[in-house]
Amino acid sequence: MPSSAEPSTWLRELRPGRAGHPTLICFPPGGGSATGYSRLASSFGPGPAVYAVQYPGRQDRLGDPLVPSITELAALIAAAIRPLTAARPVLFGHSMGATVAFETARCLEADGRPVAALFVSGRPDPTFVEQGTLHRASDDALIAELERLANDPASVRVLRDEPGLAELVLPAVRNDYRAVETYRYRPGTRLGCDIFALLGRSDPTTTPDQLGGWRHHTAGGFATSSFPGGHFYLDDNSREIADLIVRNVGAENPSSP
């Protein structure tokens, strides 16, 4: 188990914040990296601080040991978040990141560290059990799945044309699919924070009913929102998502176009 949990290892500051404003921490999807939230971070006006988690095995953490368990990953991230700010953090996770954010919120609340709100995106509620075994599949099968979900399949097809790049990228992707496909929800105390569940209307991975299942995991408020687009709808709707966060956590209004 990796021992390092320093904020500089696990968290990347995408936008500095001002005192008295929320701190938003974003959790990437499987195969994703912290820089994937750059557009969302830039959609906020002055005020909120925006950080993104950098999972091991990608970009500047390419050589760090992979973590094959969502609950183990969440415990390490929670340890990095605790010293970051005295305020209650806002957590936002997409796809695999939604489940990691949920388990991180559980770790924080169990340790007496309240979470202001949890935003989950493009992911069924934690009781959902993945039936696939893509983490055991061939590289071609992994790439095909990435192509299926991508807004632009051509951006993924480069992995077929450049084997050296695939050798760098696919181990982390395979590890993330393993983490998702082996994750099993452990019943426990419901979160005290509000949960906001988001979905792309054409997302093939999550139905509105599955998204609605998140309501059972909070003792606080719950609401759903949908946006145009497929599984990776975030970049095309970043300003609207920033506005949704602003309305619900009391940050300043997003910057004007």
# chains A, B, ... in the order shown; residues from 1 in each chain; ligands from 1

$ residues_around --residues "Pro126 of chain A" --least-positions-apart "5" --cutoff "10 Å" --atoms "only C-alpha atoms" --output "list in words"
Ala98, Thr99, Val100, Phe102, Glu103, Tyr183, Arg184, Tyr185, Arg186, Pro187, Gln210, Leu211, Gly213, Trp214, His216 and His217 of chain A

$ write_last_selection --atoms "C-alpha atoms" --output "PDB file, in the first residue's frame"
ATOM      1  CA  ALA A  98     -17.931   9.427  -8.328  1.00  0.00           C
ATOM      2  CA  THR A  99     -17.452   6.213  -6.380  1.00  0.00           C
ATOM      3  CA  VAL A 100     -14.004   7.280  -5.175  1.00  0.00           C
ATOM      4  CA  PHE A 102     -18.253   8.880  -2.228  1.00  0.00           C
ATOM      5  CA  GLU A 103     -15.858   6.609  -0.341  1.00  0.00           C
ATOM      6  CA  TYR A 183     -15.614  -2.711  -5.855  1.00  0.00           C
ATOM      7  CA  ARG A 184     -18.348  -3.862  -3.491  1.00  0.00           C
ATOM      8  CA  TYR A 185     -20.364  -1.432  -1.397  1.00  0.00           C
ATOM      9  CA  ARG A 186     -20.130  -1.899   2.360  1.00  0.00           C
ATOM     10  CA  PRO A 187     -23.317  -0.807   4.180  1.00  0.00           C
ATOM     11  CA  GLN A 210     -29.595   4.130 -11.480  1.00  0.00           C
ATOM     12  CA  LEU A 211     -28.579   7.727 -10.904  1.00  0.00           C
ATOM     13  CA  GLY A 213     -30.295   5.410  -6.377  1.00  0.00           C
ATOM     14  CA  TRP A 214     -27.795   7.854  -4.896  1.00  0.00           C
ATOM     15  CA  HIS A 216     -30.394   6.354  -0.468  1.00  0.00           C
ATOM     16  CA  HIS A 217     -26.838   7.252   0.559  1.00  0.00           C
TER      17      HIS A 217
END

$ closest_residue --among "A:Thr35, A:Ser225, A:Gly192, A:Ser155" --to "Arg113 of chain A" --atoms "only C-alpha atoms"
A:Gly192

$ residues_around --residues "Ile195 of chain A" --least-positions-apart "6" --cutoff "8 Å" --atoms "only C-alpha atoms" --output "ChimeraX atom specification"
/A:117-120,214-215,218,220-223

$ write_last_selection --atoms "C-alpha atoms" --output "JSON list (two decimals), in the first residue's frame"
[["chain", "number", "residue", "atom", "x", "y", "z"],
["A", 117, "ALA", "CA", -21.65, 18.57, -0.60],
["A", 118, "LEU", "CA", -21.00, 15.59, -2.84],
["A", 119, "PHE", "CA", -21.52, 15.86, -6.60],
["A", 120, "VAL", "CA", -21.58, 12.52, -8.41],
["A", 214, "TRP", "CA", -27.80, 7.85, -4.90],
["A", 215, "ARG", "CA", -30.64, 9.34, -2.83],
["A", 218, "THR", "CA", -27.48, 10.59, 2.23],
["A", 220, "GLY", "CA", -29.30, 15.25, 3.68],
["A", 221, "GLY", "CA", -30.83, 16.65, 0.53],
["A", 222, "PHE", "CA", -30.75, 15.04, -2.89],
["A", 223, "ALA", "CA", -31.27, 16.32, -6.43]]

$ closest_residue --among "A:Leu159, A:Glu167, A:Val180, A:Phe196" --to "Leu91 of chain A" --atoms "only C-alpha atoms"
A:Phe196

$ closest_residue --among "A:Arg123, A:Asp236, A:Leu14, A:Ser226" --to "Ser38 of chain A" --atoms "only C-alpha atoms"
A:Leu14

$ select_by_dssp --residues "segment 43-222 of chain A" --states "strand (DSSP E or B)" --output "PyMOL selection string"
chain A and resi 49-53+90-94+117-121+191+194-200+218+222

$ write_last_selection --atoms "C-alpha atoms" --output "short mmCIF file (atom, residue, chain, number, x, y, z; two decimals), in the first residue's frame"
data_model
loop_
_atom_site.label_atom_id
_atom_site.label_comp_id
_atom_site.auth_asym_id
_atom_site.auth_seq_id
_atom_site.Cartn_x
_atom_site.Cartn_y
_atom_site.Cartn_z
CA ALA A 49 -10.42 27.03 -4.88
CA VAL A 50 -10.39 24.08 -7.25
CA TYR A 51 -8.17 21.05 -6.81
CA ALA A 52 -8.11 17.78 -8.70
CA VAL A 53 -6.91 14.41 -7.51
CA VAL A 90 -17.01 20.07 -1.75
CA LEU A 91 -16.33 16.83 -3.62
CA PHE A 92 -17.06 16.24 -7.31
CA GLY A 93 -16.46 12.89 -9.01
CA HIS A 94 -17.21 11.63 -12.51
CA ALA A 117 -21.65 18.57 -0.60
CA LEU A 118 -21.00 15.59 -2.84
CA PHE A 119 -21.52 15.86 -6.60
CA VAL A 120 -21.58 12.52 -8.41
CA SER A 121 -21.64 12.26 -12.19
CA LEU A 191 -23.58 10.64 4.52
CA ASP A 194 -26.30 16.74 0.37
CA ILE A 195 -25.77 14.68 -2.78
CA PHE A 196 -26.25 16.11 -6.27
CA ALA A 197 -26.28 13.51 -9.05
CA LEU A 198 -25.49 14.52 -12.65
CA LEU A 199 -25.87 12.67 -15.94
CA GLY A 200 -25.35 13.14 -19.67
CA THR A 218 -27.48 10.59 2.23
CA PHE A 222 -30.75 15.04 -2.89
#

$ select_by_dssp --residues "segment 48-192 of chain A" --states "helix (DSSP H, G or I)" --output "count of residues only"
73

$ atom_distance --atom1 "atom CA of Gly30 of chain A" --atom2 "atom CA of Leu73 of chain A"
12.5 Å

$ closest_residue --among "A:His135, A:Arg58, A:Arg201, A:Arg82" --to "Arg174 of chain A" --atoms "only C-alpha atoms"
A:His135

$ residues_around --residues "Ser33 of chain A" --least-positions-apart "5" --cutoff "7 Å" --atoms "only C-alpha atoms" --output "number ranges by chain"
A: 28, 54-55, 58

$ write_last_selection --atoms "all heavy atoms" --output "PDB file, in the first residue's frame"
ATOM      1  N   PRO A  28     -11.103  12.356 -10.943  1.00  0.00           N
ATOM      2  CA  PRO A  28     -11.188  11.979 -12.353  1.00  0.00           C
ATOM      3  C   PRO A  28     -11.870  10.627 -12.566  1.00  0.00           C
ATOM      4  O   PRO A  28     -11.934   9.781 -11.664  1.00  0.00           O
ATOM      5  CB  PRO A  28      -9.721  11.907 -12.793  1.00  0.00           C
ATOM      6  CG  PRO A  28      -8.978  12.722 -11.791  1.00  0.00           C
ATOM      7  CD  PRO A  28      -9.715  12.527 -10.495  1.00  0.00           C
ATOM      8  N   GLN A  54      -4.821  13.559  -8.370  1.00  0.00           N
ATOM      9  CA  GLN A  54      -3.969  12.885  -9.344  1.00  0.00           C
ATOM     10  C   GLN A  54      -3.736  11.457  -8.861  1.00  0.00           C
ATOM     11  O   GLN A  54      -3.023  11.221  -7.884  1.00  0.00           O
ATOM     12  CB  GLN A  54      -2.626  13.621  -9.496  1.00  0.00           C
ATOM     13  CG  GLN A  54      -1.756  13.094 -10.625  1.00  0.00           C
ATOM     14  CD  GLN A  54      -2.236  13.545 -11.987  1.00  0.00           C
ATOM     15  OE1 GLN A  54      -3.364  13.260 -12.383  1.00  0.00           O
ATOM     16  NE2 GLN A  54      -1.388  14.248 -12.723  1.00  0.00           N
ATOM     17  N   TYR A  55      -4.387  10.503  -9.519  1.00  0.00           N
ATOM     18  CA  TYR A  55      -4.197   9.104  -9.170  1.00  0.00           C
ATOM     19  C   TYR A  55      -2.787   8.665  -9.577  1.00  0.00           C
ATOM     20  O   TYR A  55      -2.193   9.224 -10.507  1.00  0.00           O
ATOM     21  CB  TYR A  55      -5.203   8.220  -9.895  1.00  0.00           C
ATOM     22  CG  TYR A  55      -6.657   8.552  -9.692  1.00  0.00           C
ATOM     23  CD1 TYR A  55      -7.550   8.502 -10.776  1.00  0.00           C
ATOM     24  CD2 TYR A  55      -7.175   8.890  -8.446  1.00  0.00           C
ATOM     25  CE1 TYR A  55      -8.900   8.782 -10.611  1.00  0.00           C
ATOM     26  CE2 TYR A  55      -8.519   9.172  -8.273  1.00  0.00           C
ATOM     27  CZ  TYR A  55      -9.385   9.119  -9.364  1.00  0.00           C
ATOM     28  OH  TYR A  55     -10.718   9.393  -9.208  1.00  0.00           O
ATOM     29  N   ARG A  58      -0.086   7.930 -13.745  1.00  0.00           N
ATOM     30  CA  ARG A  58      -0.343   8.769 -14.914  1.00  0.00           C
ATOM     31  C   ARG A  58       0.364  10.118 -14.766  1.00  0.00           C
ATOM     32  O   ARG A  58       0.646  10.572 -13.665  1.00  0.00           O
ATOM     33  CB  ARG A  58      -1.835   8.973 -15.120  1.00  0.00           C
ATOM     34  CG  ARG A  58      -2.563   9.653 -13.981  1.00  0.00           C
ATOM     35  CD  ARG A  58      -3.940   9.073 -13.806  1.00  0.00           C
ATOM     36  NE  ARG A  58      -3.872   7.791 -13.148  1.00  0.00           N
ATOM     37  CZ  ARG A  58      -4.839   6.876 -13.170  1.00  0.00           C
ATOM     38  NH1 ARG A  58      -5.952   7.111 -13.837  1.00  0.00           N
ATOM     39  NH2 ARG A  58      -4.700   5.729 -12.543  1.00  0.00           N
TER      40      ARG A  58
END

$ closest_residue --among "A:Gly97, A:Leu24, A:Ser42, A:Ser8" --to "Ala79 of chain A" --atoms "only C-alpha atoms"
A:Ser8

$ residues_around --residues "Ala179 of chain A" --least-positions-apart "5" --cutoff "8 Å" --atoms "only C-alpha atoms" --output "count of residues only"
3

$ atom_distance --atom1 "atom CA of Cys193 of chain A" --atom2 "atom CA of Arg18 of chain A"
22.6 Å

$ closest_residue --among "A:Val246, A:Ala80, A:Asn175, A:Asp209" --to "Pro46 of chain A" --atoms "only C-alpha atoms"
A:Val246

$ residues_around --residues "Asp235 of chain A" --least-positions-apart "3" --cutoff "9 Å" --atoms "only C-alpha atoms" --output "MDAnalysis selection string"
chainID A and resid 36:37 39:40 232 238:239

$ write_last_selection --atoms "all heavy atoms" --output "PDB file, in the first residue's frame"
ATOM      1  N   GLY A  36      -7.777  16.842 -16.528  1.00  0.00           N
ATOM      2  CA  GLY A  36      -9.072  16.700 -17.180  1.00  0.00           C
ATOM      3  C   GLY A  36     -10.128  17.653 -16.631  1.00  0.00           C
ATOM      4  O   GLY A  36     -11.165  17.867 -17.276  1.00  0.00           O
ATOM      5  N   TYR A  37      -9.874  18.241 -15.472  1.00  0.00           N
ATOM      6  CA  TYR A  37     -10.827  19.181 -14.876  1.00  0.00           C
ATOM      7  C   TYR A  37     -10.425  20.641 -15.092  1.00  0.00           C
ATOM      8  O   TYR A  37     -11.008  21.539 -14.483  1.00  0.00           O
ATOM      9  CB  TYR A  37     -10.968  18.902 -13.385  1.00  0.00           C
ATOM     10  CG  TYR A  37     -11.867  17.725 -13.084  1.00  0.00           C
ATOM     11  CD1 TYR A  37     -11.347  16.524 -12.620  1.00  0.00           C
ATOM     12  CD2 TYR A  37     -13.236  17.814 -13.271  1.00  0.00           C
ATOM     13  CE1 TYR A  37     -12.178  15.443 -12.345  1.00  0.00           C
ATOM     14  CE2 TYR A  37     -14.080  16.742 -13.003  1.00  0.00           C
ATOM     15  CZ  TYR A  37     -13.540  15.558 -12.543  1.00  0.00           C
ATOM     16  OH  TYR A  37     -14.370  14.486 -12.279  1.00  0.00           O
ATOM     17  N   ARG A  39     -10.921  22.658 -17.623  1.00  0.00           N
ATOM     18  CA  ARG A  39     -11.976  23.505 -18.188  1.00  0.00           C
ATOM     19  C   ARG A  39     -13.033  23.821 -17.144  1.00  0.00           C
ATOM     20  O   ARG A  39     -13.527  24.951 -17.077  1.00  0.00           O
ATOM     21  CB  ARG A  39     -12.608  22.838 -19.411  1.00  0.00           C
ATOM     22  CG  ARG A  39     -13.611  23.740 -20.126  1.00  0.00           C
ATOM     23  CD  ARG A  39     -14.135  23.143 -21.406  1.00  0.00           C
ATOM     24  NE  ARG A  39     -13.075  22.939 -22.376  1.00  0.00           N
ATOM     25  CZ  ARG A  39     -13.278  22.438 -23.601  1.00  0.00           C
ATOM     26  NH1 ARG A  39     -14.500  22.089 -23.978  1.00  0.00           N
ATOM     27  NH2 ARG A  39     -12.273  22.286 -24.438  1.00  0.00           N
ATOM     28  N   LEU A  40     -13.403  22.851 -16.329  1.00  0.00           N
ATOM     29  CA  LEU A  40     -14.366  23.132 -15.266  1.00  0.00           C
ATOM     30  C   LEU A  40     -13.801  24.167 -14.302  1.00  0.00           C
ATOM     31  O   LEU A  40     -14.501  25.114 -13.905  1.00  0.00           O
ATOM     32  CB  LEU A  40     -14.721  21.847 -14.515  1.00  0.00           C
ATOM     33  CG  LEU A  40     -15.689  22.010 -13.336  1.00  0.00           C
ATOM     34  CD1 LEU A  40     -17.030  22.575 -13.802  1.00  0.00           C
ATOM     35  CD2 LEU A  40     -15.888  20.680 -12.618  1.00  0.00           C
ATOM     36  N   PHE A 232     -18.970  11.482 -21.501  1.00  0.00           N
ATOM     37  CA  PHE A 232     -18.046  12.581 -21.222  1.00  0.00           C
ATOM     38  C   PHE A 232     -18.660  13.899 -21.689  1.00  0.00           C
ATOM     39  O   PHE A 232     -18.180  14.546 -22.613  1.00  0.00           O
ATOM     40  CB  PHE A 232     -16.694  12.311 -21.885  1.00  0.00           C
ATOM     41  CG  PHE A 232     -15.946  11.182 -21.236  1.00  0.00           C
ATOM     42  CD1 PHE A 232     -15.837   9.950 -21.868  1.00  0.00           C
ATOM     43  CD2 PHE A 232     -15.369  11.330 -19.985  1.00  0.00           C
ATOM     44  CE1 PHE A 232     -15.156   8.902 -21.265  1.00  0.00           C
ATOM     45  CE2 PHE A 232     -14.689  10.290 -19.368  1.00  0.00           C
ATOM     46  CZ  PHE A 232     -14.590   9.064 -20.011  1.00  0.00           C
ATOM     47  N   SER A 238     -19.318  22.728 -19.073  1.00  0.00           N
ATOM     48  CA  SER A 238     -18.554  23.098 -17.879  1.00  0.00           C
ATOM     49  C   SER A 238     -19.133  24.341 -17.197  1.00  0.00           C
ATOM     50  O   SER A 238     -19.180  24.411 -15.962  1.00  0.00           O
ATOM     51  CB  SER A 238     -17.085  23.313 -18.224  1.00  0.00           C
ATOM     52  OG  SER A 238     -16.929  24.343 -19.187  1.00  0.00           O
ATOM     53  N   ARG A 239     -19.565  25.324 -17.974  1.00  0.00           N
ATOM     54  CA  ARG A 239     -20.092  26.534 -17.356  1.00  0.00           C
ATOM     55  C   ARG A 239     -21.400  26.256 -16.621  1.00  0.00           C
ATOM     56  O   ARG A 239     -21.649  26.785 -15.534  1.00  0.00           O
ATOM     57  CB  ARG A 239     -20.300  27.630 -18.405  1.00  0.00           C
ATOM     58  CG  ARG A 239     -20.374  29.017 -17.795  1.00  0.00           C
ATOM     59  CD  ARG A 239     -20.273  30.075 -18.858  1.00  0.00           C
ATOM     60  NE  ARG A 239     -19.045  29.985 -19.618  1.00  0.00           N
ATOM     61  CZ  ARG A 239     -17.865  30.414 -19.173  1.00  0.00           C
ATOM     62  NH1 ARG A 239     -17.758  30.939 -17.965  1.00  0.00           N
ATOM     63  NH2 ARG A 239     -16.792  30.310 -19.923  1.00  0.00           N
TER      64      ARG A 239
END
